[in-house]
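Undergrad: Just input_14.txt, nothing more (compact mmCIF, C-alpha atoms and all ligand atoms):
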# COMPACT_ATOMS: atom_id res chain seq x y z
CA MET G 1 -9.51 -37.46 -0.11
CA ASP G 2 -6.71 -39.56 -1.51
CA ASN G 3 -3.58 -37.86 -0.12
CA SER G 4 -1.39 -39.32 -2.84
CA LYS G 5 -3.42 -37.59 -5.57
CA SER G 6 -2.97 -33.95 -6.58
CA TYR G 7 -6.42 -32.43 -6.83
CA ARG G 8 -7.40 -29.31 -8.78
CA PRO G 9 -7.77 -25.95 -6.93
CA GLN G 10 -11.60 -26.00 -6.84
CA THR G 11 -11.58 -29.44 -5.24
CA ILE G 12 -8.93 -28.47 -2.69
CA ALA G 13 -10.96 -25.36 -1.73
CA VAL G 14 -13.99 -27.43 -0.67
CA ARG G 15 -12.34 -30.58 0.65
CA GLY G 16 -8.65 -29.93 1.38
CA GLY G 17 -7.29 -30.19 4.90
CA GLN G 18 -10.36 -31.56 6.62
CA ILE G 19 -9.72 -33.35 9.90
CA ARG G 20 -12.66 -35.72 10.45
CA SER G 21 -13.26 -36.71 14.06
CA SER G 22 -14.45 -40.08 15.41
CA GLU G 23 -18.05 -38.76 14.97
CA ASN G 24 -17.63 -38.93 11.18
CA GLU G 25 -19.15 -35.47 10.64
CA HIS G 26 -19.53 -34.44 6.98
CA SER G 27 -18.97 -30.70 7.51
CA GLU G 28 -15.98 -29.64 9.63
CA ALA G 29 -16.61 -29.55 13.40
CA ILE G 30 -15.76 -26.58 15.64
CA PHE G 31 -13.48 -27.62 18.49
CA THR G 32 -14.24 -24.93 21.04
CA THR G 33 -11.93 -26.24 23.72
CA SER G 34 -8.98 -24.49 25.31
CA SER G 35 -7.20 -27.71 26.30
CA PHE G 36 -7.12 -31.44 25.52
CA VAL G 37 -7.00 -34.39 27.92
CA PHE G 38 -4.25 -36.99 28.10
CA GLU G 39 -4.73 -40.75 28.32
CA SER G 40 -2.04 -40.96 31.00
CA ALA G 41 0.74 -39.01 32.66
CA ALA G 42 3.18 -40.82 30.39
CA GLN G 43 1.30 -39.71 27.26
CA ALA G 44 1.23 -36.12 28.54
CA ALA G 45 4.99 -36.25 28.99
CA LYS G 46 5.44 -37.58 25.45
CA LEU G 47 3.23 -34.83 23.98
CA PHE G 48 5.03 -32.08 25.91
CA SER G 49 8.46 -33.40 24.91
CA GLN G 50 7.23 -33.69 21.30
CA GLN G 51 8.00 -37.41 21.15
CA GLU G 52 4.37 -37.84 20.16
CA GLU G 53 2.27 -35.52 17.97
CA GLY G 54 -1.08 -34.36 19.32
CA ASN G 55 -3.08 -31.57 20.85
CA ILE G 56 -2.20 -30.11 24.25
CA TYR G 57 -3.62 -26.61 24.42
CA SER G 58 -5.36 -24.40 21.84
CA ARG G 59 -2.71 -21.69 21.97
CA PHE G 60 -0.43 -24.34 20.42
CA THR G 61 -2.73 -26.35 18.15
CA ASN G 62 -6.46 -26.88 17.66
CA PRO G 63 -8.11 -29.16 15.04
CA SER G 64 -10.41 -26.40 13.72
CA VAL G 65 -7.47 -24.05 13.30
CA GLN G 66 -5.39 -26.80 11.72
CA ALA G 67 -8.13 -27.55 9.16
CA PHE G 68 -7.99 -23.88 8.05
CA GLU G 69 -4.19 -23.90 7.99
CA ARG G 70 -4.01 -27.08 5.95
CA ARG G 71 -6.58 -25.92 3.41
CA LEU G 72 -5.01 -22.47 2.92
CA ALA G 73 -1.51 -23.98 2.62
CA LEU G 74 -2.77 -26.25 -0.16
CA MET G 75 -4.52 -23.37 -1.93
CA GLU G 76 -1.38 -21.19 -1.79
CA GLN G 77 0.83 -24.17 -2.73
CA GLY G 78 2.90 -23.71 0.44
CA GLN G 79 4.32 -26.40 2.70
CA ALA G 80 2.97 -24.96 5.94
CA CYS G 81 0.56 -22.36 7.28
CA VAL G 82 0.16 -20.69 10.66
CA ALA G 83 -3.15 -18.97 11.42
CA THR G 84 -3.04 -15.82 13.53
CA ALA G 85 -5.49 -13.64 15.43
CA SER G 86 -5.47 -10.89 12.77
CA GLY G 87 -3.74 -9.85 9.58
CA MET G 88 -1.56 -7.50 11.63
CA SER G 89 -0.48 -10.28 13.97
CA ALA G 90 0.46 -12.34 10.89
CA LEU G 91 3.01 -9.68 9.89
CA LEU G 92 4.15 -9.07 13.47
CA SER G 93 4.60 -12.81 14.19
CA LEU G 94 6.52 -13.31 10.96
CA CYS G 95 8.82 -10.37 11.74
CA MET G 96 9.37 -11.55 15.34
CA THR G 97 10.24 -15.03 14.02
CA LEU G 98 12.52 -13.90 11.24
CA LEU G 99 14.24 -10.70 12.34
CA ASN G 100 16.81 -9.72 14.96
CA ALA G 101 18.06 -6.35 16.15
CA GLY G 102 20.38 -4.93 13.50
CA ASP G 103 18.53 -6.53 10.59
CA HIS G 104 17.17 -4.53 7.69
CA VAL G 105 13.94 -4.71 5.71
CA VAL G 106 13.08 -3.31 2.28
CA ALA G 107 9.38 -2.63 1.86
CA SER G 108 7.08 -1.01 -0.62
CA ARG G 109 5.95 2.50 0.27
CA SER G 110 2.43 1.62 -0.93
CA ILE G 111 1.31 -0.64 1.88
CA PHE G 112 -1.62 -0.71 4.28
CA GLY G 113 -1.29 2.00 6.95
CA ALA G 114 -0.79 -0.30 9.94
CA ASN G 115 1.75 -2.45 8.05
CA PHE G 116 3.72 0.75 7.36
CA THR G 117 3.54 1.87 11.01
CA LEU G 118 4.52 -1.60 12.24
CA LEU G 119 7.63 -1.65 10.08
CA LYS G 120 8.62 1.99 10.49
CA GLN G 121 7.86 2.71 14.14
CA LEU G 122 7.38 -0.55 16.01
CA LEU G 123 10.28 -2.50 14.51
CA GLY G 124 12.34 0.70 14.48
CA ARG G 125 12.20 0.70 18.30
CA PHE G 126 13.98 -2.67 18.26
CA ASP G 127 16.76 -1.50 15.92
CA ILE G 128 15.26 -3.09 12.82
CA GLN G 129 15.33 -0.46 10.10
CA THR G 130 13.14 -0.44 7.00
CA THR G 131 13.89 1.30 3.71
CA PHE G 132 10.71 2.16 1.82
CA VAL G 133 10.78 2.08 -1.97
CA SER G 134 8.42 2.55 -4.88
CA LEU G 135 6.51 -0.69 -5.48
CA VAL G 136 6.88 -0.35 -9.24
CA ASP G 137 10.51 0.79 -9.53
CA LEU G 138 12.77 -2.28 -9.67
CA LYS G 139 15.92 -0.11 -9.56
CA GLU G 140 14.86 1.29 -6.18
CA TRP G 141 14.39 -2.27 -4.82
CA GLU G 142 17.81 -3.29 -6.09
CA GLN G 143 19.57 -0.24 -4.66
CA ALA G 144 17.87 -0.50 -1.26
CA ILE G 145 19.09 -4.04 -0.50
CA GLN G 146 21.98 -4.04 1.99
CA SER G 147 24.26 -6.75 3.36
CA ASN G 148 22.02 -7.00 6.48
CA THR G 149 18.71 -7.12 4.56
CA LYS G 150 16.73 -10.15 5.77
CA MET G 151 13.26 -9.50 4.33
CA VAL G 152 11.56 -7.69 1.47
CA PHE G 153 7.87 -6.99 1.83
CA PHE G 154 5.11 -5.77 -0.44
CA GLU G 155 1.41 -5.95 -1.14
CA THR G 156 0.23 -6.45 -4.69
CA PRO G 157 -2.08 -4.91 -5.70
CA SER G 158 -1.41 -2.12 -3.25
CA ASN G 159 -4.02 -0.52 -1.03
CA PRO G 160 -5.65 1.79 -2.08
CA LEU G 161 -3.98 2.70 -5.40
CA MET G 162 -3.97 -0.76 -6.99
CA GLU G 163 -0.35 -0.59 -8.14
CA LEU G 164 1.22 -3.96 -8.88
CA GLY G 165 4.56 -5.29 -7.73
CA ASP G 166 6.20 -7.65 -10.21
CA ILE G 167 6.53 -10.69 -7.91
CA SER G 168 8.93 -12.69 -10.12
CA ALA G 169 11.18 -9.71 -10.80
CA ILE G 170 11.39 -8.55 -7.16
CA ALA G 171 11.99 -12.12 -5.93
CA GLU G 172 14.69 -12.63 -8.53
CA LEU G 173 16.61 -9.47 -7.71
CA ALA G 174 16.36 -10.04 -3.94
CA HIS G 175 17.54 -13.65 -4.20
CA ALA G 176 20.32 -12.64 -6.60
CA ALA G 177 21.58 -10.17 -3.96
CA ASN G 178 21.33 -12.80 -1.22
CA PRO G 179 19.51 -16.15 -1.47
CA GLN G 180 18.76 -16.00 2.28
CA ILE G 181 16.50 -12.94 1.93
CA LYS G 182 12.83 -13.83 2.48
CA VAL G 183 10.50 -12.33 -0.09
CA VAL G 184 7.16 -11.76 1.63
CA VAL G 185 3.94 -10.89 -0.22
CA ASP G 186 0.71 -9.75 1.42
CA ASN G 187 -1.81 -11.55 -0.81
CA CYS G 188 -4.99 -10.37 0.87
CA PHE G 189 -6.22 -8.29 -2.09
CA CYS G 190 -5.94 -11.18 -4.56
CA THR G 191 -6.14 -14.34 -2.44
CA PRO G 192 -5.02 -17.65 -4.02
CA ALA G 193 -8.12 -17.44 -6.23
CA LEU G 194 -6.32 -14.81 -8.35
CA GLN G 195 -2.61 -15.17 -7.63
CA GLN G 196 -0.23 -17.59 -5.90
CA PRO G 197 2.95 -15.63 -5.06
CA LEU G 198 4.85 -18.76 -3.92
CA THR G 199 4.64 -20.14 -7.46
CA LEU G 200 6.16 -16.88 -8.76
CA GLY G 201 9.25 -16.96 -6.54
CA ALA G 202 8.08 -15.46 -3.23
CA ASP G 203 9.08 -17.29 -0.02
CA VAL G 204 6.22 -16.30 2.26
CA VAL G 205 2.62 -15.19 1.80
CA ILE G 206 0.72 -13.37 4.51
CA HIS G 207 -3.01 -12.75 4.69
CA SER G 208 -5.59 -10.70 6.45
CA ALA G 209 -8.27 -13.41 6.44
CA THR G 210 -10.60 -10.66 7.65
CA LYS G 211 -10.94 -9.57 4.02
CA ALA G 212 -11.94 -11.77 1.06
CA ILE G 213 -11.17 -15.07 2.78
CA ASP G 214 -14.02 -14.47 5.22
CA GLY G 215 -15.81 -12.43 2.58
CA GLN G 216 -18.82 -11.65 4.71
CA GLY G 217 -17.33 -9.26 7.27
CA ARG G 218 -17.73 -11.54 10.30
CA CYS G 219 -14.33 -12.37 11.79
CA VAL G 220 -10.84 -10.94 12.21
CA GLY G 221 -7.95 -13.28 11.43
CA GLY G 222 -4.71 -13.73 9.54
CA ALA G 223 -2.31 -16.33 8.20
CA VAL G 224 1.28 -16.90 7.15
CA VAL G 225 2.10 -19.51 4.48
CA GLY G 226 5.59 -20.68 3.57
CA ASP G 227 8.09 -23.48 3.94
CA GLU G 228 8.35 -26.18 6.57
CA GLN G 229 11.36 -24.67 8.40
CA LEU G 230 10.35 -21.00 8.70
CA VAL G 231 6.58 -21.41 9.03
CA GLY G 232 6.09 -25.06 10.02
CA LYS G 233 8.78 -25.00 12.72
CA ASP G 234 10.12 -21.54 13.64
CA MET G 235 6.81 -19.70 13.51
CA VAL G 236 4.96 -22.49 15.29
CA ALA G 237 7.52 -22.20 18.12
CA PHE G 238 7.01 -18.41 18.24
CA MET G 239 3.21 -18.78 18.34
CA ARG G 240 3.42 -21.31 21.14
CA THR G 241 5.35 -18.85 23.29
CA ALA G 242 3.87 -15.51 22.22
CA GLY G 243 0.30 -16.67 21.60
CA PRO G 244 -1.39 -14.49 18.93
CA SER G 245 -3.36 -17.58 17.83
CA MET G 246 -6.62 -17.75 15.89
CA SER G 247 -9.79 -18.73 17.72
CA PRO G 248 -11.35 -22.09 16.70
CA PHE G 249 -14.65 -20.41 15.87
CA ASN G 250 -13.01 -17.89 13.54
CA ALA G 251 -10.97 -20.68 11.94
CA TRP G 252 -14.15 -22.62 11.25
CA VAL G 253 -15.77 -19.57 9.60
CA PHE G 254 -12.69 -19.05 7.43
CA THR G 255 -12.45 -22.75 6.50
CA LYS G 256 -16.07 -22.78 5.31
CA ALA G 257 -15.56 -19.45 3.50
CA LEU G 258 -12.59 -20.84 1.53
CA GLU G 259 -15.07 -23.18 -0.15
CA THR G 260 -16.75 -20.27 -1.98
CA LEU G 261 -13.70 -17.98 -2.24
CA GLU G 262 -13.10 -18.37 -5.97
CA LEU G 263 -16.77 -17.87 -6.90
CA ARG G 264 -17.05 -14.74 -4.76
CA VAL G 265 -13.72 -13.25 -5.85
CA ASN G 266 -14.38 -13.88 -9.55
CA GLN G 267 -17.80 -12.25 -9.45
CA SER G 268 -16.63 -9.23 -7.45
CA CYS G 269 -13.73 -8.73 -9.93
CA ASP G 270 -16.20 -8.79 -12.85
CA ASN G 271 -18.38 -6.23 -11.05
CA ALA G 272 -15.33 -4.07 -10.27
CA LEU G 273 -14.28 -3.99 -13.93
CA ILE G 274 -17.75 -2.75 -14.93
CA LEU G 275 -17.58 -0.02 -12.28
CA ALA G 276 -14.04 1.01 -13.23
CA ARG G 277 -15.02 1.39 -16.91
CA ARG G 278 -18.03 3.53 -16.04
CA LEU G 279 -16.06 5.74 -13.68
CA ASP G 280 -13.35 6.11 -16.30
CA ASP G 281 -15.93 7.57 -18.70
CA HIS G 282 -17.42 9.94 -16.11
CA PRO G 283 -16.68 13.68 -16.57
CA LYS G 284 -16.50 14.32 -12.79
CA VAL G 285 -13.87 11.66 -12.24
CA LYS G 286 -10.27 12.87 -12.59
CA ARG G 287 -8.53 9.50 -12.50
CA VAL G 288 -9.37 5.83 -11.97
CA TYR G 289 -6.89 3.40 -10.42
CA TYR G 290 -7.72 -0.10 -11.65
CA PRO G 291 -5.20 -2.43 -13.35
CA GLY G 292 -7.94 -4.14 -15.36
CA LEU G 293 -8.36 -1.01 -17.51
CA GLU G 294 -6.42 -1.21 -20.75
CA SER G 295 -5.21 2.36 -20.18
CA HIS G 296 -3.51 1.31 -16.89
CA SER G 297 0.28 1.28 -17.18
CA GLN G 298 0.46 -2.19 -15.58
CA PHE G 299 -2.35 -3.82 -17.56
CA ASP G 300 0.03 -6.38 -19.13
CA LEU G 301 1.66 -7.30 -15.82
CA CYS G 302 -1.78 -7.68 -14.31
CA ARG G 303 -2.80 -10.17 -17.02
CA GLN G 304 0.44 -12.06 -16.60
CA GLN G 305 0.44 -12.24 -12.79
CA GLN G 306 -3.25 -12.30 -11.79
CA ARG G 307 -6.24 -14.24 -13.09
CA LYS G 308 -8.44 -11.12 -12.75
CA ALA G 309 -7.68 -7.51 -11.79
CA GLY G 310 -9.16 -7.47 -8.27
CA ALA G 311 -12.23 -6.06 -6.57
CA VAL G 312 -10.94 -2.67 -5.43
CA VAL G 313 -11.43 0.43 -7.57
CA SER G 314 -10.01 3.74 -6.39
CA PHE G 315 -10.71 7.06 -8.07
CA GLU G 316 -10.12 10.77 -7.67
CA VAL G 317 -12.98 13.20 -8.01
CA GLU G 318 -12.87 16.83 -9.14
CA GLY G 319 -13.09 19.26 -6.20
CA GLY G 320 -10.85 17.77 -3.49
CA GLN G 321 -11.83 16.43 -0.08
CA ASP G 322 -15.25 18.20 0.07
CA SER G 323 -16.37 16.48 -3.13
CA ALA G 324 -14.96 13.11 -2.04
CA TRP G 325 -16.76 13.34 1.33
CA SER G 326 -19.96 14.41 -0.41
CA VAL G 327 -19.91 11.28 -2.65
CA ILE G 328 -19.31 9.10 0.42
CA ASP G 329 -22.01 10.81 2.51
CA LYS G 330 -24.64 10.62 -0.25
CA ALA G 331 -24.26 6.84 -0.63
CA GLN G 332 -27.47 5.06 0.38
CA LEU G 333 -26.50 1.50 -0.48
CA LEU G 334 -22.72 1.28 -0.14
CA SER G 335 -21.39 0.70 3.37
CA ARG G 336 -19.28 3.51 4.82
CA THR G 337 -16.67 1.24 6.38
CA SER G 338 -12.99 0.65 5.82
CA ASN G 339 -13.20 -3.13 5.49
CA LEU G 340 -12.91 -4.74 2.07
CA GLY G 341 -13.31 -8.13 0.40
CA ASP G 342 -16.93 -8.32 1.54
CA THR G 343 -20.01 -9.44 -0.39
CA ARG G 344 -21.27 -5.88 0.33
CA THR G 345 -19.57 -3.02 -1.47
CA THR G 346 -17.78 -0.62 0.86
CA ILE G 347 -16.68 2.98 0.35
CA THR G 348 -13.97 4.84 2.20
CA HIS G 349 -11.78 7.96 2.15
CA PRO G 350 -8.21 6.62 2.64
CA PHE G 351 -6.68 10.08 3.32
CA THR G 352 -8.68 10.55 6.54
CA THR G 353 -9.27 6.90 7.58
CA THR G 354 -6.98 3.98 6.73
CA HIS G 355 -4.01 6.26 6.07
CA ALA G 356 -4.88 9.07 8.51
CA ARG G 357 -1.92 8.30 10.78
CA TRP G 358 0.57 8.81 7.94
CA SER G 359 2.36 12.14 7.73
CA GLU G 360 1.28 14.52 4.94
CA GLU G 361 4.67 13.87 3.35
CA ASP G 362 4.28 10.05 3.37
CA LYS G 363 0.74 10.31 1.98
CA HIS G 364 1.91 12.66 -0.74
CA ALA G 365 4.81 10.33 -1.66
CA ALA G 366 2.43 7.36 -1.90
CA GLY G 367 -0.10 9.31 -4.01
CA ILE G 368 -2.91 9.27 -1.45
CA THR G 369 -4.68 12.58 -1.99
CA PRO G 370 -7.74 14.21 -0.31
CA SER G 371 -9.82 13.66 -3.46
CA LEU G 372 -9.27 9.89 -3.50
CA ILE G 373 -12.14 7.46 -2.85
CA ARG G 374 -11.73 3.70 -2.48
CA VAL G 375 -14.58 1.37 -3.40
CA ALA G 376 -14.20 -2.32 -2.53
CA VAL G 377 -16.71 -3.98 -4.80
CA GLY G 378 -18.93 -6.82 -3.60
CA LEU G 379 -21.68 -8.91 -5.11
CA GLU G 380 -24.56 -6.42 -5.53
CA HIS G 381 -25.71 -5.71 -9.09
CA PRO G 382 -23.05 -3.38 -10.63
CA ASP G 383 -25.76 -0.96 -11.88
CA ASP G 384 -26.97 -0.43 -8.30
CA VAL G 385 -23.42 0.22 -7.12
CA PHE G 386 -22.73 2.75 -9.88
CA GLU G 387 -26.08 4.52 -9.36
CA ASP G 388 -25.27 4.93 -5.65
CA LEU G 389 -22.22 7.07 -6.45
CA VAL G 390 -23.60 10.61 -6.78
CA LEU G 391 -20.84 12.35 -8.70
CA SER G 392 -22.24 15.82 -9.20
C1 LIG P 1 -3.41 -5.25 2.71
C2 LIG P 1 -3.73 -5.43 4.15
N1 LIG P 1 -2.90 -6.15 4.92
C3 LIG P 1 -3.16 -6.34 6.24
C4 LIG P 1 -4.27 -5.80 6.84
C5 LIG P 1 -4.48 -6.01 8.33
O1 LIG P 1 -5.39 -7.02 8.56
P1 LIG P 1 -6.29 -7.15 9.90
O2 LIG P 1 -7.22 -5.98 9.89
O3 LIG P 1 -6.95 -8.47 9.73
O4 LIG P 1 -5.37 -7.11 11.06
C6 LIG P 1 -5.18 -5.07 6.07
C7 LIG P 1 -6.39 -4.50 6.71
O5 LIG P 1 -7.12 -3.74 6.14
C8 LIG P 1 -4.91 -4.87 4.69
O6 LIG P 1 -5.73 -4.16 3.90
Transcribe the structure of this file into structure tokens.

TA:
Amino acid sequence: MDNSKSYRPQTIAVRGGQIRSSENEHSEAIFTTSSFVFESAAQAAKLFSQQEEGNIYSRFTNPSVQAFERRLALMEQGQACVATASGMSALLSLCMTLLNAGDHVVASRSIFGANFTLLKQLLGRFDIQTTFVSLVDLKEWEQAIQSNTKMVFFETPSNPLMELGDISAIAELAHAANPQIKVVVDNCFCTPALQQPLTLGADVVIHSATKAIDGQGRCVGGAVVGDEQLVGKDMVAFMRTAGPSMSPFNAWVFTKALETLELRVNQSCDNALILARRLDDHPKVKRVYYPGLESHSQFDLCRQQQRKAGAVVSFEVEGGQDSAWSVIDKAQLLSRTSNLGDTRTTITHPFTTTHARWSEEDKHAAGITPSLIRVAVGLEHPDDVFEDLVLS
């Protein structure tokens, strides 16, 4: 690639960030090595004192991991990316880099269960308090920001109810209150194929690469994308010491998967829209949560902020938890698993799985009811997916 040229997203996805070795391989190599050798004691000293750039040890840097980081940074239009061992370690590492005891976080109430627990309980133990607000209510965001607020955090669309946070509006109000506040968006439901939060005013994007980035349910991983100082320097220093790094093999899988990300995400969104429309017409379905439906209150925001509406469709059935479990248990084709972003459609009951550790009160406040089913749509024919949902 010509580094002085700005290539289009599809080109970056298949070619961006590659580090070609002296073997001149066409496809990216996997560097499964824990350490690297030095030409001399003097060179080792230069590398350790950072007078010279280069690889020392794979907890710090590894060419396979760097290829993934460089490609994802380009796709998200960020300056730097740090790959992590999981999506959860992406959030934890970012918080450990950014926050100190006494700091305050404002976060959406509608976030993935473990993200909620990490902020509420784990960070709470270290005197970092989080105020949870409604993702969609800008007034609540504004009122929750305090003089010690360092970070605001949300997922959009949210899991599992597919509510959208208005990225530009939340970033604007947070930065107006204090330009130092970091606006952090978990972009794992959309990926850069559908939405690039950094171009809408966010400061940091985090990912669970385990989801659509891998897209075939093989590896666990995560990433943080942002500016050179916070991510390229401060987070790199944290990773070097604390060590929740991504394995070279997983990085290689994710790098290759980025090449087909847009094709997979686009097709699964088209399939999800078909499913959402059919469920919306079904007499046994009480309510469908999908922002690609014209009846959805955030349909316009969805069109403005995302290229397509996403691949997750959640819906409530008549008859409570028994009916929801019956639909899940009768599925012959859909995978009963809580992962999402896969080529294979998955079905889950958030109330008793992904959000089981939440209190009844928290679940109620977030709108996660016993009759709710989440379907993360993949690449099977949409007729087969719909026919597998026995809604009697
Ligand atoms: C929105 C969101 N963020 C983060 C995570 C955590 O990612 P991981 O399982 O890779 O640690 C998940 C996992 O389901 C998720 O759905």

Undergrad: Between chain G and ligand LIG 1 (chain P), at 8 Å or less, what are the per-residue closest atom pairs and their distances in Å? Count all atoms listed in the file, order by chain and rising residue number, and return it as a Markdown table.

TA:
| residue | atom | partner | partner_atom | distance |
| --- | --- | --- | --- | --- |
| G:Ala85 | CA | P:LIG1 | O3 | 7.8 |
| G:Ser86 | CA | P:LIG1 | O4 | 4.1 |
| G:Gly87 | CA | P:LIG1 | O1 | 3.4 |
| G:Met88 | CA | P:LIG1 | O4 | 3.9 |
| G:Ser89 | CA | P:LIG1 | O4 | 6.5 |
| G:Ala90 | CA | P:LIG1 | O4 | 7.8 |
| G:Leu91 | CA | P:LIG1 | C3 | 7.9 |
| G:Ile111 | CA | P:LIG1 | C1 | 6.6 |
| G:Phe112 | CA | P:LIG1 | C1 | 5.1 |
| G:Ala114 | CA | P:LIG1 | C5 | 7.0 |
| G:Asn115 | CA | P:LIG1 | C3 | 6.5 |
| G:Glu155 | CA | P:LIG1 | C1 | 6.2 |
| G:Ser158 | CA | P:LIG1 | C1 | 7.0 |
| G:Asn159 | CA | P:LIG1 | C1 | 6.1 |
| G:Asp186 | CA | P:LIG1 | N1 | 6.2 |
| G:Asn187 | CA | P:LIG1 | C1 | 7.4 |
| G:Cys188 | CA | P:LIG1 | C1 | 5.7 |
| G:Phe189 | CA | P:LIG1 | C1 | 6.3 |
| G:His207 | CA | P:LIG1 | C3 | 6.6 |
| G:Ser208 | CA | P:LIG1 | O3 | 4.2 |
| G:Ala209 | CA | P:LIG1 | O3 | 6.1 |
| G:Thr210 | CA | P:LIG1 | O3 | 4.7 |
| G:Lys211 | CA | P:LIG1 | O3 | 7.1 |
| G:Val220 | CA | P:LIG1 | O3 | 5.2 |
| G:Gly221 | CA | P:LIG1 | O3 | 5.2 |
| G:Gly222 | CA | P:LIG1 | O3 | 5.7 |
| G:Ser338 | CA | P:LIG1 | O5 | 7.3 |
| G:Asn339 | CA | P:LIG1 | O5 | 6.1 |
| G:Leu340 | CA | P:LIG1 | O5 | 7.1 |
| G:Thr354 | CA | P:LIG1 | O5 | 7.7 |

Undergrad: Here is a test: counting only C-alpha atoms, which residue of G:Ile213, G:Val317, G:Leu198, G:Ile368 is nearest to G:Ala251?

TA: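 Answer, going by the shortest atom-to-atom distance: G:Ile213.
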
Undergrad: As a ChimeraX atom specification, please: the residues near G:Val375 (cut-off 9 Å, only C-alpha atoms, same-chain neighbours under 4 positions excluded).

TA: /G:272,311-315,334,340,345-348

Undergrad: Taking all atoms listed in the file into account, name the residue in G:Val14, G:Val225, G:Val285, G:Met235 that is nearest to G:Glu318.

TA: G:Val285

Undergrad: At a cut-off of 9 Å, using only C-alpha atoms, what residues contact G:Glu28? Leave out same-chain residues fewer than 5 positions from it and give the result as a JSON list (two decimals) with C-alpha atoms, keeping the file's coordinate frame.

TA:
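Below is the file selection-v3.json, written as the result:
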[["chain", "number", "residue", "atom", "x", "y", "z"],
["G", 18, "GLN", "CA", -10.36, -31.56, 6.62],
["G", 19, "ILE", "CA", -9.72, -33.35, 9.90],
["G", 20, "ARG", "CA", -12.66, -35.72, 10.45],
["G", 21, "SER", "CA", -13.26, -36.71, 14.06],
["G", 64, "SER", "CA", -10.41, -26.40, 13.72],
["G", 67, "ALA", "CA", -8.13, -27.55, 9.16],
["G", 252, "TRP", "CA", -14.15, -22.62, 11.25],
["G", 255, "THR", "CA", -12.45, -22.75, 6.50],
["G", 256, "LYS", "CA", -16.07, -22.78, 5.31]]

Undergrad: Distance table requested - stretch 114-206 of chain G against stretch 98-102 of chain G, cut-off 12 Å, only C-alpha atoms: one row per qualifying residue with the closest atom pair and its distance in Å to one decimal, ordered by chain and rising residue number, as JSON lines.

TA:
{"residue": "G:Leu119", "atom": "CA", "partner": "G:Leu99", "partner_atom": "CA", "distance": 11.4}
{"residue": "G:Leu123", "atom": "CA", "partner": "G:Ala101", "partner_atom": "CA", "distance": 8.8}
{"residue": "G:Gly124", "atom": "CA", "partner": "G:Ala101", "partner_atom": "CA", "distance": 9.2}
{"residue": "G:Arg125", "atom": "CA", "partner": "G:Ala101", "partner_atom": "CA", "distance": 9.4}
{"residue": "G:Phe126", "atom": "CA", "partner": "G:Ala101", "partner_atom": "CA", "distance": 5.9}
{"residue": "G:Asp127", "atom": "CA", "partner": "G:Ala101", "partner_atom": "CA", "distance": 5.0}
{"residue": "G:Ile128", "atom": "CA", "partner": "G:Ala101", "partner_atom": "CA", "distance": 5.4}
{"residue": "G:Gln129", "atom": "CA", "partner": "G:Gly102", "partner_atom": "CA", "distance": 7.6}
{"residue": "G:Thr130", "atom": "CA", "partner": "G:Gly102", "partner_atom": "CA", "distance": 10.7}
{"residue": "G:Gln146", "atom": "CA", "partner": "G:Gly102", "partner_atom": "CA", "distance": 11.7}
{"residue": "G:Ser147", "atom": "CA", "partner": "G:Gly102", "partner_atom": "CA", "distance": 11.0}
{"residue": "G:Asn148", "atom": "CA", "partner": "G:Gly102", "partner_atom": "CA", "distance": 7.5}
{"residue": "G:Thr149", "atom": "CA", "partner": "G:Gly102", "partner_atom": "CA", "distance": 9.4}
{"residue": "G:Lys150", "atom": "CA", "partner": "G:Leu99", "partner_atom": "CA", "distance": 7.0}
{"residue": "G:Met151", "atom": "CA", "partner": "G:Leu99", "partner_atom": "CA", "distance": 8.2}
{"residue": "G:Val152", "atom": "CA", "partner": "G:Leu99", "partner_atom": "CA", "distance": 11.6}
{"residue": "G:Gln180", "atom": "CA", "partner": "G:Leu98", "partner_atom": "CA", "distance": 11.1}
{"residue": "G:Ile181", "atom": "CA", "partner": "G:Leu98", "partner_atom": "CA", "distance": 10.2}
{"residue": "G:Lys182", "atom": "CA", "partner": "G:Leu98", "partner_atom": "CA", "distance": 8.8}
{"residue": "G:Val183", "atom": "CA", "partner": "G:Leu98", "partner_atom": "CA", "distance": 11.6}
{"residue": "G:Val184", "atom": "CA", "partner": "G:Leu98", "partner_atom": "CA", "distance": 11.2}
{"residue": "G:Val204", "atom": "CA", "partner": "G:Leu98", "partner_atom": "CA", "distance": 11.2}

Undergrad: Put those residues in a file: C-alpha atoms, as a compact mmCIF listing (two decimals), in the coordinates of the input.

TA:
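Generated output (again32.txt):
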# COMPACT_ATOMS: atom_id res chain seq x y z
CA LEU G 119 7.63 -1.65 10.08
CA LEU G 123 10.28 -2.50 14.51
CA GLY G 124 12.34 0.70 14.48
CA ARG G 125 12.20 0.70 18.30
CA PHE G 126 13.98 -2.67 18.26
CA ASP G 127 16.76 -1.50 15.92
CA ILE G 128 15.26 -3.09 12.82
CA GLN G 129 15.33 -0.46 10.10
CA THR G 130 13.14 -0.44 7.00
CA GLN G 146 21.98 -4.04 1.99
CA SER G 147 24.26 -6.75 3.36
CA ASN G 148 22.02 -7.00 6.48
CA THR G 149 18.71 -7.12 4.56
CA LYS G 150 16.73 -10.15 5.77
CA MET G 151 13.26 -9.50 4.33
CA VAL G 152 11.56 -7.69 1.47
CA GLN G 180 18.76 -16.00 2.28
CA ILE G 181 16.50 -12.94 1.93
CA LYS G 182 12.83 -13.83 2.48
CA VAL G 183 10.50 -12.33 -0.09
CA VAL G 184 7.16 -11.76 1.63
CA VAL G 204 6.22 -16.30 2.26

Undergrad: Calculated over all atoms listed in the file, which of the candidates G:Tyr290, G:Trp141, G:Phe31, G:Phe116 has the smallest distance to G:Ala169?

TA: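 Nearest candidate to G:Ala169 out of G:Tyr290, G:Trp141, G:Phe31, G:Phe116: G:Trp141.
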